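**Q** My structure file my_file.cif, mmCIF, C-alpha atoms, is below:
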```cif
data_run
#
loop_
_atom_site.label_atom_id
_atom_site.label_comp_id
_atom_site.auth_asym_id
_atom_site.auth_seq_id
_atom_site.Cartn_x
_atom_site.Cartn_y
_atom_site.Cartn_z
CA MET A 300 -52.76 -47.28 92.06
CA LYS A 301 -54.45 -46.17 88.85
CA THR A 302 -56.02 -48.74 86.57
CA LEU A 303 -54.88 -49.15 82.97
CA LYS A 304 -58.16 -47.60 81.86
CA GLU A 305 -57.51 -44.49 83.96
CA LEU A 306 -53.98 -44.20 82.63
CA ARG A 307 -54.94 -44.53 79.00
CA SER A 308 -56.74 -41.16 78.76
CA ILE A 309 -54.26 -38.30 79.07
CA MET A 310 -55.15 -34.74 78.03
CA GLY A 311 -57.58 -35.85 75.35
CA ALA A 312 -54.86 -37.54 73.32
CA SER A 313 -56.35 -40.85 74.44
CA ILE A 314 -53.14 -42.74 75.06
CA LYS A 315 -54.65 -46.12 75.59
CA THR A 316 -52.42 -47.92 78.10
CA VAL A 317 -48.99 -47.78 79.61
CA VAL A 318 -48.27 -50.97 77.69
CA GLY A 319 -49.28 -49.13 74.54
CA LEU A 320 -46.64 -46.52 75.21
CA PHE A 321 -43.95 -49.21 75.27
CA PHE A 322 -45.24 -50.55 71.97
CA ALA A 323 -45.16 -47.05 70.52
CA ALA A 324 -41.50 -46.79 71.38
CA ALA A 325 -40.47 -50.36 70.58
CA LEU A 326 -42.62 -51.32 67.62
CA SER A 327 -43.25 -48.06 65.77
CA THR A 328 -40.67 -47.02 63.23
CA ALA A 329 -39.99 -43.30 63.43
CA VAL A 330 -38.71 -40.95 60.79
CA ALA A 331 -38.03 -37.60 62.40
CA ALA A 332 -34.87 -35.99 61.03
CA GLY A 333 -33.85 -32.85 62.83
CA LYS A 334 -34.40 -30.52 59.88
CA LEU A 335 -37.76 -31.89 58.82
CA PRO A 336 -40.72 -29.66 59.73
CA TYR A 337 -42.80 -32.70 60.71
CA SER A 338 -42.47 -36.05 62.49
CA TYR A 339 -43.59 -39.35 60.98
CA PHE A 340 -44.12 -42.69 62.74
CA PHE A 341 -45.62 -45.97 61.60
CA VAL A 342 -46.31 -49.59 62.44
CA GLY A 343 -46.86 -52.23 59.78
CA GLU A 344 -45.94 -51.87 56.12
CA PRO A 345 -46.78 -48.43 54.73
CA ALA A 346 -45.00 -49.26 51.46
CA LYS A 347 -47.46 -52.06 50.76
CA THR A 348 -50.08 -51.06 48.19
CA PRO A 349 -53.59 -51.86 49.43
CA VAL A 350 -55.89 -53.79 47.10
CA ILE A 351 -59.38 -52.67 48.10
CA ALA A 352 -62.33 -53.46 45.84
CA SER A 353 -64.28 -50.36 44.92
CA SER A 354 -67.48 -52.30 45.56
CA ASP A 355 -66.45 -52.72 49.21
CA ARG A 356 -65.93 -49.02 49.84
CA ALA A 357 -68.79 -46.97 51.29
CA THR A 358 -70.62 -45.01 48.61
CA THR A 359 -71.66 -42.19 50.96
CA PRO A 360 -69.57 -40.07 53.35
CA SER A 361 -68.42 -41.62 56.64
CA TYR A 362 -67.39 -39.58 59.68
CA VAL A 363 -66.67 -40.30 63.34
CA LEU A 364 -67.40 -37.54 65.84
CA MET A 365 -65.69 -38.53 69.10
CA GLY A 366 -66.10 -36.56 72.30
CA GLY A 367 -62.65 -36.97 73.84
CA GLY A 368 -61.41 -38.91 76.83
CA PRO A 369 -60.94 -42.68 76.41
CA ASP A 370 -61.12 -43.60 72.74
CA VAL A 371 -64.00 -45.72 71.48
CA ASP A 372 -62.58 -48.86 69.88
CA GLN A 373 -65.71 -49.67 67.86
CA ALA A 374 -65.57 -46.28 66.13
CA PHE A 375 -62.11 -47.01 64.71
CA GLN A 376 -63.23 -50.47 63.60
CA TRP A 377 -66.19 -48.86 61.81
CA LEU A 378 -63.91 -46.42 59.95
CA ILE A 379 -61.78 -49.34 58.76
CA GLN A 380 -64.82 -51.26 57.57
CA ARG A 381 -66.33 -48.22 55.81
CA ALA A 382 -63.06 -47.89 53.87
CA GLY A 383 -63.67 -51.35 52.41
CA ILE A 384 -60.66 -52.80 54.21
CA LYS A 385 -60.84 -56.54 54.87
CA PRO A 386 -58.34 -59.21 55.93
CA GLY A 387 -55.78 -59.48 53.15
CA THR A 388 -56.60 -56.21 51.38
CA GLY A 389 -54.22 -53.95 53.21
CA GLY A 390 -55.10 -50.37 54.03
CA ARG A 391 -53.43 -47.25 55.39
CA PHE A 392 -54.82 -45.56 58.51
CA VAL A 393 -53.26 -42.10 58.98
CA ILE A 394 -53.48 -40.01 62.16
CA ILE A 395 -52.71 -36.31 61.93
CA ARG A 396 -51.98 -34.02 64.86
CA ALA A 397 -50.04 -30.83 65.65
CA SER A 398 -48.46 -32.12 68.86
CA GLY A 399 -48.21 -35.33 70.84
CA THR A 400 -46.87 -38.80 70.15
CA GLU A 401 -47.40 -41.88 67.99
CA ALA A 402 -49.42 -43.62 70.74
CA TYR A 403 -52.35 -44.24 68.38
CA ASN A 404 -50.27 -46.50 66.14
CA PRO A 405 -50.06 -49.61 68.34
CA TYR A 406 -53.54 -49.06 69.80
CA ILE A 407 -55.18 -49.11 66.37
CA TYR A 408 -52.97 -51.76 64.75
CA TYR A 409 -52.68 -54.44 67.43
CA SER A 410 -55.30 -56.60 69.14
CA ASP A 411 -53.63 -56.97 72.53
CA ALA A 412 -50.67 -56.01 74.67
CA ASN A 413 -48.59 -58.78 73.12
CA GLY A 414 -48.71 -57.24 69.66
CA GLY A 415 -51.16 -59.80 68.31
CA THR A 416 -52.91 -59.42 64.95
CA SER A 417 -54.43 -62.89 64.53
CA THR A 418 -57.73 -62.19 66.31
CA LEU A 419 -60.01 -59.31 67.22
CA PRO A 420 -59.93 -57.99 70.79
CA PRO A 421 -62.63 -59.59 73.00
CA VAL A 422 -65.96 -57.80 72.55
CA ASN A 423 -66.45 -57.33 76.29
CA GLN A 424 -63.13 -55.52 76.73
CA ASP A 425 -61.68 -52.31 75.40
CA GLY A 426 -58.21 -50.92 74.87
CA TRP A 427 -57.27 -52.20 71.39
CA VAL A 428 -58.79 -51.88 67.93
CA GLY A 429 -57.27 -54.88 66.13
CA GLY A 430 -56.75 -53.05 62.85
CA GLY A 431 -54.08 -55.48 61.67
CA TYR A 432 -56.53 -58.35 61.97
CA LEU A 433 -59.21 -56.31 60.17
CA GLY A 434 -56.88 -55.84 57.20
CA LEU A 435 -54.79 -52.72 57.80
CA SER A 436 -51.29 -52.90 56.41
CA SER A 437 -50.14 -49.82 58.35
CA VAL A 438 -51.07 -47.21 60.90
CA GLU A 439 -49.15 -43.96 60.45
CA THR A 440 -48.93 -40.80 62.54
CA LEU A 441 -47.89 -37.39 61.26
CA VAL A 442 -47.14 -34.61 63.73
CA ILE A 443 -47.68 -31.43 61.71
CA PRO A 444 -46.81 -28.44 63.94
CA SER A 445 -46.54 -25.55 61.47
CA VAL A 446 -47.74 -24.06 58.19
CA LYS A 447 -44.46 -25.19 56.67
CA ALA A 448 -45.15 -28.77 57.70
CA ALA A 449 -48.73 -28.59 56.40
CA ASN A 450 -47.41 -27.51 53.00
CA ASP A 451 -44.66 -30.13 52.91
CA PRO A 452 -44.92 -32.39 49.82
CA THR A 453 -44.06 -35.56 51.75
CA VAL A 454 -46.69 -34.86 54.40
CA ASN A 455 -49.32 -34.41 51.74
CA GLN A 456 -48.19 -37.48 49.83
CA ILE A 457 -48.64 -39.59 52.97
CA VAL A 458 -52.06 -38.11 53.74
CA ALA A 459 -53.23 -38.33 50.11
CA ARG A 460 -52.71 -42.09 49.98
CA ALA A 461 -54.62 -42.71 53.24
CA ASP A 462 -57.63 -45.02 53.25
CA VAL A 463 -58.75 -43.58 56.61
CA VAL A 464 -57.79 -40.30 58.31
CA PHE A 465 -58.22 -39.45 61.98
CA ILE A 466 -57.55 -36.06 63.60
CA ALA A 467 -56.23 -36.49 67.13
CA GLY A 468 -57.02 -34.34 70.13
CA GLY A 469 -54.84 -31.45 71.17
CA ASP A 470 -55.45 -27.72 70.62
CA GLN A 471 -57.84 -26.86 67.81
CA SER A 472 -56.31 -23.41 67.48
CA ASP A 473 -53.19 -25.15 66.17
CA TYR A 474 -55.25 -26.83 63.47
CA ILE A 475 -56.79 -23.51 62.46
CA LYS A 476 -53.49 -21.59 62.56
CA TYR A 477 -51.26 -24.22 60.98
CA TRP A 478 -53.47 -26.24 58.65
CA LYS A 479 -56.27 -24.06 57.31
CA ASN A 480 -55.75 -22.81 53.74
CA THR A 481 -52.64 -24.94 53.27
CA GLN A 482 -51.89 -27.84 50.96
CA LEU A 483 -52.96 -30.17 53.78
CA ASP A 484 -56.37 -28.50 53.78
CA TRP A 485 -56.75 -29.16 50.05
CA THR A 486 -55.49 -32.73 50.43
CA LEU A 487 -58.13 -33.44 53.07
CA GLN A 488 -60.81 -31.85 50.90
CA ALA A 489 -59.81 -34.15 48.05
CA LEU A 490 -60.07 -37.18 50.33
CA MET A 491 -63.54 -36.10 51.44
CA ASN A 492 -64.58 -35.77 47.81
CA LYS A 493 -63.45 -39.38 47.34
CA LYS A 494 -65.53 -40.40 50.41
CA VAL A 495 -62.49 -41.53 52.38
CA PRO A 496 -63.67 -42.06 56.00
CA ILE A 497 -62.52 -39.33 58.38
CA GLY A 498 -62.85 -38.93 62.14
CA GLY A 499 -61.72 -36.71 64.96
CA THR A 500 -61.74 -36.57 68.74
CA SER A 501 -61.79 -33.61 71.13
CA ALA A 502 -59.97 -30.81 69.26
CA GLY A 503 -60.09 -33.02 66.17
CA LEU A 504 -63.87 -33.10 66.49
CA ALA A 505 -64.07 -29.35 67.03
CA VAL A 506 -62.74 -28.58 63.53
CA LEU A 507 -65.10 -30.89 61.64
CA GLY A 508 -68.14 -28.60 61.62
CA GLN A 509 -68.87 -25.94 59.03
CA PHE A 510 -68.34 -23.48 61.88
CA ASP A 511 -65.68 -24.06 64.54
CA PHE A 512 -64.88 -22.83 68.01
CA ALA A 513 -61.30 -21.92 67.16
CA ALA A 514 -60.05 -21.31 70.74
CA LEU A 515 -57.53 -18.79 69.38
CA ARG A 516 -57.35 -17.09 72.79
CA GLY A 517 -57.85 -20.20 74.87
CA THR A 518 -60.91 -22.07 75.99
CA VAL A 519 -64.17 -20.55 77.23
CA THR A 520 -66.52 -21.77 79.96
CA SER A 521 -70.29 -21.91 79.76
CA ASP A 522 -70.62 -19.09 82.31
CA GLN A 523 -68.24 -16.87 80.34
CA ALA A 524 -70.06 -17.53 77.08
CA LEU A 525 -73.55 -16.96 78.50
CA SER A 526 -72.54 -13.78 80.34
CA ASN A 527 -71.04 -12.22 77.18
CA PRO A 528 -71.38 -14.11 73.87
CA PHE A 529 -68.76 -11.82 72.30
CA ASN A 530 -66.13 -12.04 75.05
CA LYS A 531 -62.50 -12.27 73.94
CA TYR A 532 -62.41 -16.07 74.26
CA MET A 533 -65.38 -16.61 71.93
CA SER A 534 -63.31 -16.95 68.77
CA LEU A 535 -65.31 -18.61 66.01
CA ASP A 536 -63.99 -19.65 62.63
CA PRO A 537 -64.69 -18.34 60.07
CA THR A 538 -64.93 -14.72 61.16
CA PRO A 539 -66.57 -12.87 59.56
CA GLN A 540 -69.20 -15.33 58.41
CA THR A 541 -70.30 -14.98 54.78
CA LEU A 542 -73.20 -16.48 52.90
CA ASP A 543 -74.55 -17.13 49.45
CA PRO A 544 -78.25 -17.70 50.29
CA THR A 545 -78.69 -19.95 47.25
CA SER A 546 -76.42 -22.70 48.52
CA PRO A 547 -75.25 -23.81 51.99
CA THR A 548 -72.07 -25.12 50.39
CA SER A 549 -71.19 -21.54 49.50
CA ILE A 550 -70.97 -20.51 53.15
CA ALA A 551 -67.34 -19.87 53.98
CA GLY A 552 -66.64 -22.66 56.44
CA GLY A 553 -64.02 -23.39 59.03
CA PHE A 554 -60.99 -25.63 58.50
CA ILE A 555 -62.75 -28.46 56.68
CA THR A 556 -66.47 -28.97 56.20
CA PRO A 557 -67.86 -32.48 55.73
CA SER A 558 -71.13 -32.27 53.82
CA PRO A 559 -73.22 -33.90 56.61
CA LEU A 560 -72.09 -31.11 58.94
CA PHE A 561 -73.10 -28.04 56.93
CA ASN A 562 -74.58 -25.26 59.13
CA THR A 563 -73.35 -27.09 62.25
CA ILE A 564 -70.95 -26.31 65.09
CA LEU A 565 -69.53 -29.09 67.27
CA ASP A 566 -68.27 -29.40 70.83
CA ALA A 567 -66.59 -32.19 72.81
CA HIS A 568 -66.25 -33.21 76.49
CA LEU A 569 -69.79 -31.85 76.80
CA ASP A 570 -71.09 -33.21 80.09
CA GLU A 571 -67.71 -33.80 81.74
CA ARG A 572 -66.80 -30.11 81.40
CA ASP A 573 -70.36 -28.71 81.59
CA ARG A 574 -70.30 -27.19 78.12
CA MET A 575 -73.99 -27.13 77.21
CA GLY A 576 -74.21 -23.40 77.98
CA ARG A 577 -71.35 -22.55 75.69
CA LEU A 578 -72.68 -24.81 72.91
CA VAL A 579 -76.04 -23.00 73.04
CA THR A 580 -74.11 -19.72 72.85
CA PHE A 581 -72.05 -20.95 69.89
CA VAL A 582 -75.25 -21.86 68.04
CA SER A 583 -76.84 -18.51 68.93
CA ARG A 584 -73.83 -16.68 67.49
CA LEU A 585 -74.53 -18.30 64.11
CA ILE A 586 -78.03 -16.75 63.91
CA GLY A 587 -78.19 -13.48 61.98
CA PRO A 588 -80.00 -10.28 62.98
CA TYR A 589 -83.75 -10.09 62.34
CA TYR A 590 -85.32 -6.74 63.20
CA GLU A 591 -84.18 -6.17 66.83
CA SER A 592 -83.23 -9.77 67.56
CA GLY A 593 -80.53 -12.19 66.45
CA CYS A 594 -76.74 -11.97 66.75
CA SER A 595 -74.47 -9.50 65.02
CA GLY A 596 -72.34 -11.29 62.43
CA GLY A 597 -74.54 -14.37 62.26
CA ILE A 598 -75.81 -15.65 58.92
CA LEU A 599 -78.11 -18.59 59.73
CA VAL A 600 -81.64 -18.83 61.10
CA PRO A 601 -83.48 -20.65 63.89
CA LYS A 602 -86.25 -23.15 63.25
CA VAL A 603 -88.95 -20.52 63.82
CA SER A 604 -87.83 -18.71 60.64
CA GLN A 605 -89.81 -21.24 58.61
CA ASN A 606 -92.96 -19.52 59.86
CA LEU A 607 -91.78 -15.96 59.24
CA SER A 608 -91.54 -13.79 56.19
CA ALA A 609 -88.37 -14.09 54.12
CA THR A 610 -85.12 -13.25 55.89
CA PRO A 611 -81.84 -12.11 54.34
CA TYR A 612 -80.36 -15.50 55.24
CA GLY A 613 -82.56 -17.94 53.34
CA ASP A 614 -83.71 -20.96 55.31
CA ILE A 615 -80.43 -22.49 56.49
CA ILE A 616 -81.02 -23.45 60.12
CA ALA A 617 -78.20 -23.29 62.68
CA ARG A 618 -77.46 -26.55 64.49
CA GLY A 619 -75.16 -27.75 67.24
CA ILE A 620 -73.92 -31.20 68.21
CA GLY A 621 -72.18 -31.91 71.51
CA VAL A 622 -70.51 -35.24 72.27
CA GLY A 623 -69.61 -36.48 75.73
CA VAL A 624 -66.43 -38.29 76.74
CA GLU A 625 -65.96 -41.94 75.75
CA ALA A 626 -68.72 -41.54 73.15
CA ALA A 627 -68.61 -41.44 69.36
CA LEU A 628 -71.16 -40.73 66.67
CA LEU A 629 -70.86 -42.82 63.51
CA VAL A 630 -72.23 -40.52 60.80
CA SER A 631 -73.03 -41.76 57.30
CA GLY A 632 -75.20 -40.82 54.34
CA ASP A 633 -75.39 -37.87 52.00
CA GLY A 634 -78.94 -36.64 52.55
CA GLY A 635 -80.32 -38.24 49.40
CA PRO A 636 -83.85 -39.71 49.25
CA ARG A 637 -82.54 -43.20 49.97
CA THR A 638 -79.42 -42.24 51.91
CA PRO A 639 -80.38 -39.85 54.73
CA ILE A 640 -77.65 -38.61 57.02
CA VAL A 641 -77.84 -40.83 60.08
CA ALA A 642 -75.82 -40.98 63.28
CA LYS A 643 -75.38 -43.88 65.66
CA LEU A 644 -73.78 -43.51 69.08
CA VAL A 645 -71.27 -46.10 70.25
CA THR A 646 -69.18 -46.37 73.39
CA ASN A 647 -66.92 -48.84 75.16
CA PRO A 648 -68.37 -51.78 77.11
CA THR A 649 -66.57 -50.68 80.28
CA THR A 650 -67.56 -47.00 80.15
CA THR A 651 -68.38 -45.33 83.46
CA THR A 652 -69.59 -42.00 82.01
CA LYS A 653 -72.88 -40.90 80.46
CA SER A 654 -71.29 -41.53 77.05
CA ALA A 655 -74.02 -39.52 75.32
CA ALA A 656 -74.41 -37.01 72.49
CA TYR A 657 -76.70 -34.00 72.24
CA PHE A 658 -78.35 -32.45 69.17
CA VAL A 659 -79.21 -28.77 69.69
CA LEU A 660 -81.70 -26.83 67.55
CA PRO A 661 -82.46 -23.12 68.19
CA GLN A 662 -86.16 -22.28 68.20
CA ASN A 663 -86.06 -18.48 68.01
CA TYR A 664 -83.93 -15.46 67.21
CA PRO A 665 -81.98 -14.48 70.35
CA GLY A 666 -83.63 -11.52 72.03
CA GLN A 667 -80.29 -10.14 73.19
CA CYS A 668 -76.98 -11.15 71.67
CA VAL A 669 -74.56 -8.23 71.72
CA ALA A 670 -71.04 -7.56 72.98
CA GLY A 671 -70.72 -6.79 76.66
CA GLN A 672 -74.17 -8.03 77.65
CA ALA A 673 -75.51 -11.38 78.77
CA LEU A 674 -77.18 -13.66 76.24
CA SER A 675 -80.95 -13.56 76.71
CA GLY A 676 -84.22 -14.50 75.07
CA VAL A 677 -82.94 -17.82 73.72
CA THR A 678 -84.91 -21.06 73.42
CA ALA A 679 -83.45 -24.27 72.03
CA THR A 680 -84.49 -27.91 71.98
CA VAL A 681 -82.09 -30.75 72.73
CA VAL A 682 -82.31 -34.41 71.75
CA LYS A 683 -80.08 -36.82 73.63
CA VAL A 684 -78.80 -40.16 72.36
CA ASP A 685 -76.89 -42.79 74.32
CA LYS A 686 -76.02 -46.48 74.10
CA LEU A 687 -79.59 -47.49 75.02
CA ASN A 688 -81.19 -45.18 72.45
CA PRO A 689 -78.36 -44.55 69.97
CA ALA A 690 -79.93 -43.61 66.62
CA PHE A 691 -80.55 -40.13 65.22
CA ASN A 692 -81.61 -39.07 61.73
CA MET A 693 -79.81 -35.82 60.99
CA SER A 694 -81.67 -35.27 57.72
CA PHE A 695 -85.02 -35.14 59.53
CA TRP A 696 -83.61 -34.17 62.95
CA SER A 697 -85.44 -36.99 64.68
CA GLY A 698 -84.65 -39.92 66.95
CA GLY A 699 -83.16 -40.38 70.38
CA TYR A 700 -85.10 -39.52 73.51
CA SER A 701 -87.93 -36.98 73.74
CA PRO A 702 -86.67 -33.42 73.17
CA TYR A 703 -86.22 -31.14 76.15
CA THR A 704 -85.95 -27.37 76.20
CA LEU A 705 -83.18 -24.97 77.19
CA THR A 706 -84.01 -21.35 77.94
CA VAL A 707 -81.47 -18.58 78.45
CA THR A 708 -82.53 -15.41 80.29
CA ASN A 709 -80.00 -12.76 81.25
CA GLY A 710 -77.14 -15.22 80.99
CA VAL A 711 -78.80 -17.94 83.06
CA MET A 712 -79.73 -21.23 81.40
CA THR A 713 -82.68 -23.27 82.68
CA VAL A 714 -83.93 -26.66 81.56
CA SER A 715 -87.47 -27.95 81.07
CA GLY A 716 -87.74 -31.72 80.78
CA ASN A 717 -85.02 -34.38 81.09
CA GLY A 718 -85.29 -34.15 84.87
CA ASN A 719 -84.36 -30.46 84.62
CA SER A 720 -80.82 -31.50 83.71
CA PRO A 721 -78.99 -30.28 80.58
CA TYR A 722 -77.43 -33.76 80.32
#
```
Represent the structure from my file as structure tokens, please.
**A**
Amino acid sequence: MKTLKELRSIMGASIKTVVGLFFAAALSTAVAAGKLPYSYFFVGEPAKTPVIASSDRATTPSYVLMGGGPDVDQAFQWLIQRAGIKPGTGGRFVIIRASGTEAYNPYIYYSDANGGTSTLPPVNQDGWVGGGYLGLSSVETLVIPSVKAANDPTVNQIVARADVVFIAGGDQSDYIKYWKNTQLDWTLQALMNKKVPIGGTSAGLAVLGQFDFAALRGTVTSDQALSNPFNKYMSLDPTPQTLDPTSPTSIAGGFITPSPLFNTILDAHLDERDRMGRLVTFVSRLIGPYYESGCSGGILVPKVSQNLSATPYGDIIARGIGVGVEAALLVSGDGGPRTPIVAKLVTNPTTTTKSAAYFVLPQNYPGQCVAGQALSGVTATVVKVDKLNPAFNMSFWSGGYSPYTLTVTNGVMTVSGNGNSPY
């Protein structure tokens, strides 16, 4: 018989427990009229107006990068706290997705399987966030499965009033196809400008970088990516990439682009699905041509460019971040002199996985990166963080364990350091 913990992670949607499913049906209020282009569910009191002191809100951006699988309770609690929500203030936590259910609502709002909100869940357990106890007045889920739904005024009104937004797992191609360049896109941009905390898991993580693996033709394995970095499954967004060398914010980004994640591409389920090879290939694809090296269509540079003569791409270095299952990076800061962009890894106390994250930095222009041929002549360094060594400074690209090196030759990736393991 499966344990509750095994049952709670289903297809990256992170349905927490079977009990949670009953709460979703019994305690969530659903508004899903047949002719509406979206579905809306909530627990709590969404009509209640939160009273959050501006002095309690975070003054720098706050993002959660979650790697899929079982959700990390502490990451949701952190988002609530960064929003300035406290007991008695109220606060709206809004989940957006293109498919799936309202299963997040009871998981985030309640503290236990009995629907309690008077205490926090025990620190040595996982399975509930306790948002009601922390001060949330509502948790709301919008299923937004079309461009029409993403442009719907009611959908955008609900999202616009959110104090926290979380993008669920699913299929990131849906988010690119249905949400990009819609009113929902602009609503989320406005929330980011107001420093409203935002997070995402699995597919929801994949669309938070400035560049995204769009999966428009389905997923891609590491072997497929390394053997042909331009194969039909390697759909990146945006394509083509464009650049104003004077400002990284002028690069045409993917769906949404949080400022701490400029010039970065993200990947989830990294170790569980052996995705390091494809992440290195994603990062390589971002690097522009330089004499007879680099990748066609790329617009960024590797670290080595700092020691070369001027390139057409300025000095914006490509970066990749991969997050494993049941792991989350809490990212805060704006890169200012006193507020560097920092990440801290958190996981659940009962995790049985590596629960790690990986920061990838290319060291050279790829020697061979063309359609129909294997990726070759690539060197990249990787820094790993986990619950024992969780901190990483993204502004200075430092922290975690000692860096190790990945080398790709004729489509084969080898590892030097870290016990010769990519993870």
**Q** Which protein, DNA or RNA residues have an atom at most 10 Å from (-62.3, -56.8, 76.9), counting all atoms listed in the file? List them as a count of residues only.
**A** 12
**Q** Using all atoms listed in the file, which of the listed residues (A:Thr520, A:Asn450, A:Thr359, A:Thr706) sits closest to Lys493 (chain A)?
**A** A:Thr359
**Q** Can you measure CA of Met491 (chain A) to CA of Ile351 (chain A) for me? One decimal in Å is fine.
**A**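 Pair CA of Met491 (chain A) / CA of Ile351 (chain A) returns 17.4 Å.
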**Q** List the residues selected by the PyMOL selection byres ((chain A and resi 455-471) around 8) in the file shown, writing them as a PyMOL selection string.
**A** chain A and resi 310-313+367+378-379+382+390-399+449-454+472-475+482-483+486-487+490+495-506+513-514
**Q** For this file, the PyMOL selection byres ((chain A and resi 712) around 10) selects which residues, as a ChimeraX atom specification?
**A** /A:521-522,525,575-576,579,674-675,677-678,705-711,713-714,721
**Q** Which residue gives the smallest distance to Gly635 (chain A) among A:Ser526, A:Ser715, A:Ser534, A:Ser694, with only C-alpha atoms counted?
**A**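 Comparing A:Ser526, A:Ser715, A:Ser534, A:Ser694 against Gly635 (chain A), the winner is A:Ser694.
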**Q** Between A:Leu660, A:Ile555, A:Ala690, A:Val684, which is the closest to Thr704 (chain A) once you count all atoms listed in the file?
**A**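 The shortest atom-to-atom distance to Thr704 (chain A) comes from A:Leu660.
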**Q** Env of Asp484 (chain A): 8 Å cut, atoms = only C-alpha atoms, seq-sep filter 5 positions within chain, self excluded. Answer as a ChimeraX atom specification.
**A** /A:478-479,554-555
